[in-house]
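**Student:** File follows, run.cif with mmCIF, C-alpha atoms:
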```cif
data_protein
#
loop_
_atom_site.label_atom_id
_atom_site.label_comp_id
_atom_site.auth_asym_id
_atom_site.auth_seq_id
_atom_site.Cartn_x
_atom_site.Cartn_y
_atom_site.Cartn_z
CA MET A 795 0.00 0.00 0.00
CA ALA A 796 1.28 3.41 -0.86
CA ILE A 797 1.67 5.70 2.14
CA SER A 798 3.52 8.90 1.43
CA ARG A 799 2.89 10.68 4.66
CA PHE A 800 3.73 9.67 8.20
CA PRO A 801 1.26 8.34 10.76
CA ARG A 802 -0.01 10.84 13.26
CA GLY A 803 1.45 10.78 16.74
CA LYS A 804 3.39 7.72 17.87
CA GLU A 805 0.94 5.10 16.73
CA LYS A 806 2.29 2.18 14.76
CA PRO A 807 1.21 2.10 11.13
CA ARG A 808 -0.80 -1.06 11.79
CA SER A 809 -3.05 0.81 14.21
CA LEU A 810 -4.19 3.11 11.43
CA ILE A 811 -5.52 0.37 9.20
CA VAL A 812 -9.26 -0.27 9.21
CA PRO A 813 -10.06 -3.73 7.73
CA LEU A 814 -11.73 -3.27 4.38
CA LEU A 815 -14.76 -5.47 4.85
CA PHE A 816 -15.52 -5.15 8.56
CA ALA A 817 -19.22 -4.92 9.32
CA ILE A 818 -21.02 -3.22 12.21
CA SER A 819 -21.38 -6.45 14.20
CA ALA A 820 -18.62 -8.93 14.93
CA ALA A 821 -20.59 -11.67 13.21
CA ALA A 822 -21.03 -9.81 9.94
CA LEU A 823 -17.54 -9.86 8.45
CA ALA A 824 -18.60 -10.67 4.94
CA LEU A 825 -20.28 -9.75 1.68
CA LEU A 826 -23.86 -10.55 0.77
CA TRP A 827 -24.89 -10.85 -2.85
CA VAL A 828 -28.45 -10.32 -4.00
CA ALA A 829 -30.19 -11.75 -7.08
CA PHE A 830 -33.52 -11.66 -8.84
CA TYR A 831 -35.41 -14.94 -8.92
CA SER A 832 -35.50 -14.78 -12.71
CA ALA A 833 -32.28 -14.72 -14.72
CA VAL A 834 -32.28 -11.29 -16.37
CA PRO A 835 -29.74 -10.86 -19.22
CA ALA A 836 -26.65 -9.02 -17.97
CA SER A 837 -26.81 -6.48 -20.80
CA LEU A 838 -30.27 -5.44 -19.61
CA PHE A 839 -30.00 -5.90 -15.88
CA PHE A 840 -26.73 -4.04 -15.46
CA SER A 841 -27.74 -1.15 -17.65
CA ILE A 842 -29.79 0.41 -14.81
CA ALA A 843 -28.65 4.03 -14.67
CA SER A 844 -29.99 5.10 -11.26
CA PRO A 845 -30.45 2.04 -9.00
CA ARG A 846 -32.65 2.62 -5.98
CA ALA A 847 -31.77 1.78 -2.41
CA ALA A 848 -32.30 -1.86 -1.55
CA ASP A 849 -34.99 -1.08 1.01
CA GLU A 850 -37.01 0.67 -1.71
CA GLU A 851 -36.94 -2.22 -4.20
CA GLY A 852 -39.75 -4.28 -2.71
CA PRO A 853 -41.96 -4.69 0.32
CA THR A 854 -39.81 -7.34 1.97
CA GLY A 855 -36.70 -7.98 -0.12
CA LEU A 856 -37.63 -11.69 -0.14
CA GLU A 857 -38.44 -11.62 -3.85
CA ARG A 858 -34.71 -11.89 -4.54
CA LYS A 859 -31.95 -14.39 -3.77
CA TYR A 860 -28.78 -13.80 -1.81
CA LEU A 861 -25.21 -15.08 -1.85
CA TYR A 862 -23.17 -14.83 1.34
CA TRP A 863 -19.48 -14.66 0.45
CA GLY A 864 -18.25 -16.04 3.78
CA ASN A 865 -17.07 -14.54 7.04
CA ARG A 866 -13.65 -12.94 7.49
CA ILE A 867 -13.36 -12.48 3.73
CA ASP A 868 -10.81 -9.73 4.33
CA CYS A 869 -8.41 -11.91 6.36
CA PRO A 870 -9.39 -15.57 6.08
CA GLY A 871 -7.58 -18.55 7.54
CA LYS A 872 -3.88 -18.45 8.23
CA HIS A 873 -3.56 -14.89 6.90
CA CYS A 874 -5.56 -13.30 9.71
CA ASN A 875 -2.48 -12.06 11.52
CA SER A 876 -0.83 -10.63 8.42
CA CYS A 877 -3.52 -9.02 6.29
CA ALA A 878 -2.03 -7.55 3.15
CA GLY A 879 -2.84 -4.20 1.64
CA LEU A 880 -5.86 -2.87 -0.16
CA GLY A 881 -4.82 -4.44 -3.46
CA HIS A 882 -5.15 -7.96 -2.07
CA GLN A 883 -8.43 -7.24 -0.34
CA GLU A 884 -9.79 -5.66 -3.50
CA SER A 885 -9.00 -8.91 -5.30
CA SER A 886 -11.47 -10.58 -2.97
CA LEU A 887 -14.05 -7.84 -3.41
CA ARG A 888 -13.65 -7.87 -7.20
CA CYS A 889 -14.03 -11.65 -7.13
CA ALA A 890 -17.30 -11.35 -5.23
CA LEU A 891 -18.58 -8.66 -7.60
CA GLU A 892 -17.72 -10.88 -10.55
CA GLU A 893 -19.66 -13.71 -8.94
CA ALA A 894 -22.65 -11.37 -8.68
CA LEU A 895 -22.28 -10.38 -12.33
CA PHE A 896 -21.99 -13.99 -13.48
CA LEU A 897 -25.05 -15.07 -11.51
CA HIS A 898 -27.00 -11.90 -12.42
CA ARG A 899 -27.09 -10.89 -8.78
CA TRP A 900 -27.19 -7.71 -6.76
CA ALA A 901 -24.72 -7.07 -3.99
CA ALA A 902 -24.68 -6.02 -0.36
CA SER A 903 -21.61 -5.31 1.74
CA SER A 904 -20.35 -4.06 5.08
CA CYS A 905 -20.95 -0.52 6.24
CA ALA A 906 -17.24 0.35 6.41
CA MET A 907 -17.05 0.17 2.64
CA ASP A 908 -18.89 3.43 2.12
CA SER A 909 -15.93 5.29 3.62
CA LEU A 910 -13.79 3.89 0.79
CA TYR A 911 -16.11 3.37 -2.17
CA ASP A 912 -18.93 5.21 -3.86
CA LEU A 913 -21.59 2.53 -3.66
CA SER A 914 -23.78 4.33 -6.18
CA LEU A 915 -20.96 4.14 -8.73
CA ILE A 916 -20.41 0.43 -8.09
CA SER A 917 -24.18 0.00 -8.33
CA SER A 918 -24.10 1.14 -11.93
CA LYS A 919 -22.53 -2.27 -12.58
CA VAL A 920 -23.61 -4.40 -9.60
CA THR A 921 -26.21 -2.88 -7.31
CA VAL A 922 -24.85 -2.68 -3.78
CA ILE A 923 -26.55 -2.47 -0.40
CA LEU A 924 -25.07 -2.32 3.09
CA ASP A 925 -25.37 -5.16 5.56
CA ASN A 926 -26.70 -2.88 8.27
CA SER A 927 -29.86 -2.33 6.21
CA LYS A 928 -33.36 -3.42 7.17
CA MET A 929 -33.33 -5.79 4.22
CA TRP A 930 -30.34 -7.68 5.59
CA SER A 931 -32.15 -8.19 8.90
CA ARG A 932 -35.22 -9.47 7.07
CA ILE A 933 -33.19 -11.90 4.97
CA VAL A 934 -31.33 -13.34 7.95
CA SER A 935 -34.59 -13.82 9.82
CA ALA A 936 -36.34 -15.37 6.82
CA GLY A 937 -33.41 -17.69 6.11
CA VAL A 938 -33.61 -19.13 9.61
CA LYS A 939 -37.38 -19.65 9.39
CA LEU A 940 -37.24 -21.38 5.98
CA GLY A 941 -34.79 -24.05 7.16
CA SER A 942 -33.30 -26.08 4.30
CA LYS A 943 -34.98 -23.81 1.75
CA GLY A 944 -33.59 -20.77 3.48
CA VAL A 945 -29.84 -21.44 3.53
CA ALA A 946 -27.48 -23.68 1.50
CA HIS A 947 -23.77 -24.04 2.33
CA VAL A 948 -21.73 -24.42 -0.86
CA GLU A 949 -18.04 -24.27 -0.08
CA GLY A 950 -16.01 -25.28 -3.13
CA VAL A 951 -18.95 -25.29 -5.57
CA SER A 952 -18.11 -23.65 -8.90
CA ARG A 953 -19.93 -20.53 -10.04
CA VAL A 954 -21.24 -22.47 -13.05
CA ASP A 955 -22.83 -25.07 -10.79
CA LEU A 956 -24.35 -22.33 -8.63
CA LYS A 957 -25.93 -20.85 -11.72
CA GLU A 958 -27.11 -24.03 -13.42
CA ASN A 959 -27.82 -26.54 -10.63
CA SER A 960 -31.51 -26.48 -9.75
CA GLN A 961 -30.90 -27.42 -6.12
CA TYR A 962 -29.43 -23.96 -5.52
CA PHE A 963 -31.78 -21.91 -7.67
CA ASN A 964 -34.68 -21.55 -5.24
CA VAL A 965 -32.66 -21.24 -2.03
CA LEU A 966 -33.04 -17.82 -0.44
CA LEU A 967 -29.49 -17.54 0.94
CA ILE A 968 -26.42 -19.33 -0.40
CA ASN A 969 -23.43 -19.39 1.93
CA ARG A 970 -20.45 -19.03 -0.39
CA THR A 971 -17.52 -19.46 1.98
CA ALA A 972 -14.30 -17.89 0.71
CA SER A 973 -11.23 -20.10 0.67
CA PRO A 974 -9.39 -20.09 4.02
CA LEU A 975 -6.06 -20.06 2.19
CA SER A 976 -6.32 -16.82 0.26
CA TRP A 977 -8.68 -13.97 -0.48
CA PHE A 978 -9.27 -14.84 -4.10
CA MET A 979 -8.92 -18.60 -4.58
CA GLU A 980 -12.59 -18.74 -5.55
CA CYS A 981 -11.59 -16.71 -8.61
CA LYS A 982 -8.80 -18.97 -9.81
CA GLU A 983 -10.48 -18.91 -13.23
CA ARG A 984 -9.04 -15.39 -13.58
CA THR A 985 -6.18 -17.03 -15.49
CA ASN A 986 -8.79 -17.59 -18.19
CA HIS A 987 -9.07 -14.00 -19.39
CA SER A 988 -12.37 -14.65 -21.12
CA SER A 989 -13.91 -15.28 -17.67
CA VAL A 990 -12.76 -11.97 -16.19
CA LEU A 991 -15.82 -9.73 -15.94
CA LEU A 992 -14.32 -6.72 -14.15
CA PRO A 993 -10.94 -5.16 -15.00
CA HIS A 994 -8.43 -4.36 -12.26
CA SER A 995 -9.07 -0.69 -12.95
CA PHE A 996 -12.74 -0.95 -11.94
CA LEU A 997 -12.52 -0.60 -8.15
CA PRO A 998 -9.77 2.05 -8.05
CA MET A 999 -12.09 4.36 -9.96
CA MET A 1000 -14.99 3.63 -7.56
CA ALA A 1001 -13.56 5.70 -4.69
CA ALA A 1002 -15.95 7.48 -2.36
CA ARG A 1003 -17.11 10.91 -3.49
CA ARG A 1004 -15.21 12.80 -0.80
CA LEU A 1005 -11.98 11.00 -1.77
CA ARG A 1006 -12.55 11.85 -5.42
CA ASP A 1007 -13.26 15.48 -4.54
CA ALA A 1008 -10.06 15.72 -2.47
CA ALA A 1009 -8.03 14.13 -5.25
CA ASP A 1010 -9.47 16.62 -7.74
CA LYS A 1011 -8.42 19.52 -5.49
CA ILE A 1012 -4.88 18.17 -5.24
CA LYS A 1013 -4.66 17.54 -8.98
CA ASN A 1014 -5.79 21.09 -9.67
CA ILE A 1015 -3.07 22.43 -7.38
CA LEU A 1016 -0.42 20.20 -8.97
CA GLY A 1017 -1.41 21.29 -12.46
CA ASP A 1018 0.53 19.46 -15.17
CA TYR A 1019 2.44 16.77 -13.26
CA ASP A 1020 3.92 13.29 -13.32
CA ALA A 1021 3.79 10.65 -10.59
CA ILE A 1022 5.71 7.64 -9.31
CA HIS A 1023 4.72 4.93 -6.86
CA VAL A 1024 7.73 3.79 -4.85
CA ARG A 1025 7.06 0.68 -2.82
CA ARG A 1026 9.71 -0.07 -0.24
CA GLY A 1027 9.07 -0.98 3.40
CA ASP A 1028 8.60 -4.68 4.09
CA ILE A 1029 8.96 -5.64 0.43
CA ILE A 1030 12.71 -4.97 0.50
CA LYS A 1031 13.31 -7.16 3.54
CA THR A 1032 16.11 -9.73 3.41
CA ARG A 1033 16.81 -12.95 5.25
CA LYS A 1034 19.97 -14.94 5.81
CA ASP A 1035 20.48 -18.34 4.27
CA ARG A 1036 22.16 -21.20 6.14
CA PHE A 1037 25.56 -19.73 5.28
CA GLY A 1038 24.66 -16.33 6.74
CA VAL A 1039 24.31 -14.64 3.34
CA GLU A 1040 21.56 -12.02 3.00
CA ARG A 1041 18.98 -12.83 0.33
CA SER A 1042 15.87 -11.13 -1.04
CA LEU A 1043 12.83 -12.06 -3.11
CA HIS A 1044 13.35 -8.79 -5.00
CA PRO A 1045 17.13 -8.52 -5.35
CA HIS A 1046 17.19 -5.22 -7.26
CA LEU A 1047 14.28 -3.44 -5.60
CA ASP A 1048 16.13 -1.76 -2.74
CA ARG A 1049 18.62 -0.37 -5.25
CA ASP A 1050 16.07 0.56 -7.92
CA THR A 1051 13.90 2.53 -5.48
CA ARG A 1052 16.70 4.73 -4.14
CA PRO A 1053 16.72 8.35 -5.40
CA GLU A 1054 19.86 8.13 -7.51
CA PHE A 1055 18.58 5.07 -9.37
CA ILE A 1056 15.07 6.44 -9.67
CA GLN A 1057 16.45 9.56 -11.34
CA ARG A 1058 18.50 7.49 -13.73
CA ARG A 1059 15.53 5.29 -14.59
CA ILE A 1060 12.82 7.90 -15.11
CA ALA A 1061 14.94 10.47 -16.97
CA LYS A 1062 13.95 8.91 -20.32
CA TRP A 1063 10.25 9.33 -19.50
CA ILE A 1064 10.05 12.42 -17.30
CA PRO A 1065 12.22 15.41 -18.31
CA PRO A 1066 13.91 17.63 -15.68
CA GLY A 1067 11.90 20.53 -14.33
CA ARG A 1068 8.61 18.64 -14.16
CA THR A 1069 6.42 18.45 -11.04
CA LEU A 1070 6.79 14.93 -9.65
CA TYR A 1071 4.27 13.53 -7.19
CA ILE A 1072 5.79 10.74 -5.09
CA ALA A 1073 3.65 8.12 -3.33
CA SER A 1074 5.63 5.77 -1.14
CA ASN A 1075 5.66 3.79 2.09
CA GLU A 1076 9.27 4.87 2.74
CA ARG A 1077 9.37 6.31 6.26
CA SER A 1078 12.79 8.01 6.29
CA PRO A 1079 12.35 11.81 6.25
CA GLY A 1080 14.01 13.44 3.25
CA PHE A 1081 14.71 10.07 1.60
CA PHE A 1082 13.70 11.33 -1.86
CA SER A 1083 15.17 14.83 -1.47
CA PRO A 1084 18.05 14.17 -3.94
CA LEU A 1085 15.42 14.07 -6.69
CA SER A 1086 14.73 17.76 -6.06
CA SER A 1087 17.83 18.59 -8.10
CA SER A 1088 15.87 17.59 -11.20
CA TYR A 1089 12.18 17.80 -10.25
CA ARG A 1090 9.70 19.83 -8.23
CA LEU A 1091 8.70 17.24 -5.65
CA ALA A 1092 5.25 16.85 -4.13
CA TYR A 1093 3.93 14.44 -1.49
CA SER A 1094 0.59 13.91 0.21
CA SER A 1095 2.07 15.65 3.27
CA ASN A 1096 2.11 18.86 1.23
CA PHE A 1097 -1.69 18.79 1.22
CA SER A 1098 -2.39 18.22 4.91
CA ASP A 1099 -5.01 20.98 4.93
CA ILE A 1100 -7.04 18.90 2.46
CA LEU A 1101 -6.24 15.44 3.80
CA ASP A 1102 -6.14 15.76 7.58
CA PRO A 1103 -9.89 16.40 7.98
CA LEU A 1104 -10.63 13.56 5.56
CA VAL A 1105 -8.17 10.68 5.76
CA ASP A 1106 -8.50 8.44 8.79
CA ASN A 1107 -6.55 5.37 7.65
CA ASN A 1108 -4.04 4.15 5.12
CA TYR A 1109 -6.67 2.54 2.91
CA GLN A 1110 -8.33 5.90 2.30
CA LEU A 1111 -4.99 7.51 1.56
CA PHE A 1112 -4.03 4.79 -0.89
CA MET A 1113 -7.33 5.05 -2.74
CA LEU A 1114 -6.95 8.81 -2.98
CA GLU A 1115 -3.38 8.54 -4.24
CA ARG A 1116 -4.44 6.12 -6.97
CA LEU A 1117 -6.76 8.82 -8.25
CA ILE A 1118 -3.83 11.26 -8.28
CA TRP A 1119 -1.72 8.78 -10.26
CA ALA A 1120 -4.52 8.45 -12.78
CA GLY A 1121 -4.34 12.21 -13.44
CA ALA A 1122 -0.60 12.28 -14.07
CA ARG A 1123 0.80 12.86 -17.55
CA THR A 1124 3.31 10.08 -16.95
CA PHE A 1125 2.95 7.50 -14.19
CA VAL A 1126 5.76 5.10 -13.24
CA LYS A 1127 4.90 2.08 -11.11
CA THR A 1128 7.25 0.20 -8.85
CA TYR A 1129 6.73 -3.05 -10.76
CA LYS A 1130 5.81 -3.68 -14.37
CA GLU A 1131 2.40 -5.34 -14.19
CA ASN A 1132 1.24 -4.98 -17.79
CA GLU A 1133 3.07 -4.84 -21.09
CA ASN A 1134 2.77 -1.08 -21.48
CA ASP A 1135 3.58 -0.16 -17.87
CA LEU A 1136 6.55 2.02 -16.96
CA SER A 1137 8.33 0.71 -13.87
CA LEU A 1138 11.19 1.53 -11.51
CA THR A 1139 12.43 -2.05 -11.38
CA ASP A 1140 12.56 -5.05 -13.67
CA ASP A 1141 12.15 -7.46 -10.76
CA PRO A 1142 8.90 -9.44 -11.03
CA LYS A 1143 6.16 -8.39 -8.65
CA LYS A 1144 5.22 -11.93 -7.76
CA ASN A 1145 8.13 -14.00 -6.51
CA THR A 1146 7.55 -16.25 -3.52
CA LYS A 1147 10.36 -18.79 -3.73
CA ASN A 1148 13.51 -17.55 -5.40
CA TRP A 1149 15.59 -15.79 -2.71
CA GLN A 1150 18.60 -14.09 -4.33
CA ILE A 1151 21.57 -12.04 -3.19
CA PRO A 1152 20.63 -8.32 -3.33
CA VAL A 1153 22.30 -6.18 -6.00
CA TYR A 1154 23.22 -2.58 -5.20
CA THR A 1155 25.41 -1.57 -8.17
CA ILE A 1156 24.73 -0.84 -11.83
CA ASP A 1157 27.61 -2.97 -13.10
CA GLY A 1158 26.70 -4.87 -16.22
CA GLU A 1159 23.55 -2.84 -16.89
CA GLU A 1160 22.86 -0.49 -19.75
CA SER A 1161 23.14 3.17 -18.93
#
```
Using structure tokens, write down the structure from this file.
**Tutor:**
Amino acid sequence: MAISRFPRGKEKPRSLIVPLLFAISAAALALLWVAFYSAVPASLFFSIASPRAADEEGPTGLERKYLYWGNRIDCPGKHCNSCAGLGHQESSLRCALEEALFLHRWAASSCAMDSLYDLSLISSKVTVILDNSKMWSRIVSAGVKLGSKGVAHVEGVSRVDLKENSQYFNVLLINRTASPLSWFMECKERTNHSSVLLPHSFLPMMAARRLRDAADKIKNILGDYDAIHVRRGDIIKTRKDRFGVERSLHPHLDRDTRPEFIQRRIAKWIPPGRTLYIASNERSPGFFSPLSSSYRLAYSSNFSDILDPLVDNNYQLFMLERLIWAGARTFVKTYKENENDLSLTDDPKKNTKNWQIPVYTIDGEES
């Protein structure tokens, strides 16, 4: 997660993070997905321009079906003590939204989400309600009363089976339990690009209105600018092998995200004299100052009058900064994720096994 300003006071960064999908009650740590009884074609159903609130859509809400995505969807299983950043949790949320799209369903989620996302914007694709609504209470109550016809537990059942198997069609509430091993194992078909219904860019652009407004103010102040995302922090950690030699999963990253190497790397894309917005989780004050010899530097901390009344946690800050990146003339990521991306390093983003000796020089590389 990109954090380019320091936590307030002496609190540890972890204390600032609000779990993405926490609900009002301790028992409601999940997503609920709503469907019509009849299968309406996606091209028609999802073309609704101004979806109404869930509590206005019917007298009881029982004329639809629901899919419960499972509790602790934000930090399931063994990962509960080491929840990753917003990107990982959004993978789970995007997976659930795709499930709703595939099954022609509507969606409901936890109340904390409306501090991060504009639910009306998401609803233009998949209608969203909050799980502290009256409808949610009615559905939970009705599911208990209906017994076997009220709730079906379907861990491990494919989305195709959920859609086509008649034994699930008339059940009011389907309990779709997310995999305990990772946030997005239920979406392992994402490797089949034809099955991907929502692009990765969908949720970043669904930020809450107040976050979008703040980002617009900052972009207006910056004017014509470029941006870089510099991920450091825990990702550059090393460990010693059995011979005592330091090794890293990203052997060039520590080097490539230092100011002198950043300047060398981005010079071919961003000319000197430009305004450069830097988003980073680097905590050392003045770490990027050497770049000021070539660029006019800007950080989120320069806009505290806009952000302090608004940003309460690192998730909100990260979502806001993504909007700022999107407005940059040139944006350079830490890692190259897509073919046309500009990146600070050539190290792969995903590397979980190959621990290598870190490299800190430019010997043998093209200048």
**Student:** Evaluated on this file, the PyMOL selection byres ((chain A and resi 1085-1087) around 10) picks out some residues - which ones are they, written as a PyMOL selection string?
**Tutor:** chain A and resi 1052-1057+1066-1067+1069-1070+1081-1084+1088-1092
**Student:** Expressed in Å to a single decimal, how great is the separation between atom CA of Gly1038 of chain A and atom CA of Gln1150 of chain A?
**Tutor:**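 Taking atom CA of Gly1038 of chain A as the start and atom CA of Gln1150 of chain A as the end point, the length is 12.8 Å.
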**Student:** So which residues fall inside 10 Å of (-7.9, 6.7, -1.3) if we count only C-alpha atoms? Mind giving them as an mmCIF file with C-alpha atoms, in the coordinates of the input?
**Tutor:**
```cif
data_model
loop_
_atom_site.group_PDB
_atom_site.id
_atom_site.type_symbol
_atom_site.label_atom_id
_atom_site.label_comp_id
_atom_site.auth_asym_id
_atom_site.auth_seq_id
_atom_site.Cartn_x
_atom_site.Cartn_y
_atom_site.Cartn_z
ATOM 1 C CA ALA A 796 1.280 3.410 -0.860
ATOM 2 C CA LEU A 880 -5.860 -2.870 -0.160
ATOM 3 C CA SER A 909 -15.930 5.290 3.620
ATOM 4 C CA LEU A 910 -13.790 3.890 0.790
ATOM 5 C CA TYR A 911 -16.110 3.370 -2.170
ATOM 6 C CA PRO A 998 -9.770 2.050 -8.050
ATOM 7 C CA MET A 999 -12.090 4.360 -9.960
ATOM 8 C CA MET A 1000 -14.990 3.630 -7.560
ATOM 9 C CA ALA A 1001 -13.560 5.700 -4.690
ATOM 10 C CA ALA A 1002 -15.950 7.480 -2.360
ATOM 11 C CA ARG A 1004 -15.210 12.800 -0.800
ATOM 12 C CA LEU A 1005 -11.980 11.000 -1.770
ATOM 13 C CA ARG A 1006 -12.550 11.850 -5.420
ATOM 14 C CA ALA A 1008 -10.060 15.720 -2.470
ATOM 15 C CA ALA A 1009 -8.030 14.130 -5.250
ATOM 16 C CA VAL A 1105 -8.170 10.680 5.760
ATOM 17 C CA ASN A 1107 -6.550 5.370 7.650
ATOM 18 C CA ASN A 1108 -4.040 4.150 5.120
ATOM 19 C CA TYR A 1109 -6.670 2.540 2.910
ATOM 20 C CA GLN A 1110 -8.330 5.900 2.300
ATOM 21 C CA LEU A 1111 -4.990 7.510 1.560
ATOM 22 C CA PHE A 1112 -4.030 4.790 -0.890
ATOM 23 C CA MET A 1113 -7.330 5.050 -2.740
ATOM 24 C CA LEU A 1114 -6.950 8.810 -2.980
ATOM 25 C CA GLU A 1115 -3.380 8.540 -4.240
ATOM 26 C CA ARG A 1116 -4.440 6.120 -6.970
ATOM 27 C CA LEU A 1117 -6.760 8.820 -8.250
ATOM 28 C CA ILE A 1118 -3.830 11.260 -8.280
#
```
**Student:** How far is it from atom CA of Thr1139 of chain A to atom CA of Ser886 of chain A, in Å with one decimal?
**Tutor:**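 That distance, rounded to one decimal, is 26.7 Å.
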**Student:** Could you list, as JSON, numbers by chain, every residue matched by the PyMOL selection byres ((chain A and resi 1020) around 12) in this structure?
**Tutor:** {"A": [1013, 1016, 1017, 1018, 1019, 1021, 1022, 1023, 1060, 1061, 1063, 1064, 1065, 1066, 1067, 1068, 1069, 1070, 1071, 1072, 1073, 1089, 1090, 1091, 1092, 1093, 1118, 1119, 1120, 1121, 1122, 1123, 1124, 1125, 1126, 1127]}
**Student:** Since we have the selection now, will you write its residues out, keeping C-alpha atoms, as a CSV table (one decimal), in the frame of the given file?
**Tutor:**
```csv
chain,number,residue,atom,x,y,z
A,1013,LYS,CA,-4.7,17.5,-9.0
A,1016,LEU,CA,-0.4,20.2,-9.0
A,1017,GLY,CA,-1.4,21.3,-12.5
A,1018,ASP,CA,0.5,19.5,-15.2
A,1019,TYR,CA,2.4,16.8,-13.3
A,1021,ALA,CA,3.8,10.6,-10.6
A,1022,ILE,CA,5.7,7.6,-9.3
A,1023,HIS,CA,4.7,4.9,-6.9
A,1060,ILE,CA,12.8,7.9,-15.1
A,1061,ALA,CA,14.9,10.5,-17.0
A,1063,TRP,CA,10.2,9.3,-19.5
A,1064,ILE,CA,10.0,12.4,-17.3
A,1065,PRO,CA,12.2,15.4,-18.3
A,1066,PRO,CA,13.9,17.6,-15.7
A,1067,GLY,CA,11.9,20.5,-14.3
A,1068,ARG,CA,8.6,18.6,-14.2
A,1069,THR,CA,6.4,18.4,-11.0
A,1070,LEU,CA,6.8,14.9,-9.6
A,1071,TYR,CA,4.3,13.5,-7.2
A,1072,ILE,CA,5.8,10.7,-5.1
A,1073,ALA,CA,3.6,8.1,-3.3
A,1089,TYR,CA,12.2,17.8,-10.2
A,1090,ARG,CA,9.7,19.8,-8.2
A,1091,LEU,CA,8.7,17.2,-5.6
A,1092,ALA,CA,5.2,16.8,-4.1
A,1093,TYR,CA,3.9,14.4,-1.5
A,1118,ILE,CA,-3.8,11.3,-8.3
A,1119,TRP,CA,-1.7,8.8,-10.3
A,1120,ALA,CA,-4.5,8.4,-12.8
A,1121,GLY,CA,-4.3,12.2,-13.4
A,1122,ALA,CA,-0.6,12.3,-14.1
A,1123,ARG,CA,0.8,12.9,-17.6
A,1124,THR,CA,3.3,10.1,-17.0
A,1125,PHE,CA,3.0,7.5,-14.2
A,1126,VAL,CA,5.8,5.1,-13.2
A,1127,LYS,CA,4.9,2.1,-11.1
```
**Student:** Since I can't run it myself right now, could you work out what the PyMOL selection byres ((chain A and resi 1032) around 9) selects here and report it as a list in words?
**Tutor:**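 Selected by the PyMOL selection byres ((chain A and resi 1032) around 9) in this file: Ile1029, Ile1030, Lys1031, Arg1033, Lys1034, Glu1040, Arg1041, Ser1042, Leu1043, His1044, Pro1045, Trp1149, Ile1151 and Pro1152 of chain A.
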**Student:** Put those residues in a file: C-alpha atoms, as a JSON list (two decimals), in the coordinates of the input.
**Tutor:**
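Done, and the output landed in again-v2.json:
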```json
[["chain", "number", "residue", "atom", "x", "y", "z"],
["A", 1029, "ILE", "CA", 8.96, -5.64, 0.43],
["A", 1030, "ILE", "CA", 12.71, -4.97, 0.50],
["A", 1031, "LYS", "CA", 13.31, -7.16, 3.54],
["A", 1033, "ARG", "CA", 16.81, -12.95, 5.25],
["A", 1034, "LYS", "CA", 19.97, -14.94, 5.81],
["A", 1040, "GLU", "CA", 21.56, -12.02, 3.00],
["A", 1041, "ARG", "CA", 18.98, -12.83, 0.33],
["A", 1042, "SER", "CA", 15.87, -11.13, -1.04],
["A", 1043, "LEU", "CA", 12.83, -12.06, -3.11],
["A", 1044, "HIS", "CA", 13.35, -8.79, -5.00],
["A", 1045, "PRO", "CA", 17.13, -8.52, -5.35],
["A", 1149, "TRP", "CA", 15.59, -15.79, -2.71],
["A", 1151, "ILE", "CA", 21.57, -12.04, -3.19],
["A", 1152, "PRO", "CA", 20.63, -8.32, -3.33]]
```
**Student:** When distances are computed from all atoms listed in the file, which of A:Ser952, A:Tyr1129, A:Lys1011, A:Asn1134 shows the smallest separation from Asp1099 of chain A?
**Tutor:**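 Going through A:Ser952, A:Tyr1129, A:Lys1011, A:Asn1134 one by one, the smallest distance to Asp1099 of chain A is for A:Lys1011.
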**Student:** Report as a PyMOL selection string all protein, DNA and RNA residues lying within 10 Å of Phe996 of chain A, evaluated on all atoms listed in the file, omitting residues in the same chain fewer than 6 positions from it.
**Tutor:** chain A and resi 888+916+919
**Student:** Enclose the full set of atoms of segment 1118-1130 of chain A listed in the file within a box whose edges lie along x, y and z, apply 3 Å of padding to each of the six sides, and report centre and edge lengths in Å to one decimal as AutoDock Vina command-line options.
**Tutor:**
```
--center_x 1.4 --center_y 4.6 --center_z -12.9 --size_x 17.8 --size_y 22.5 --size_z 15.3
```
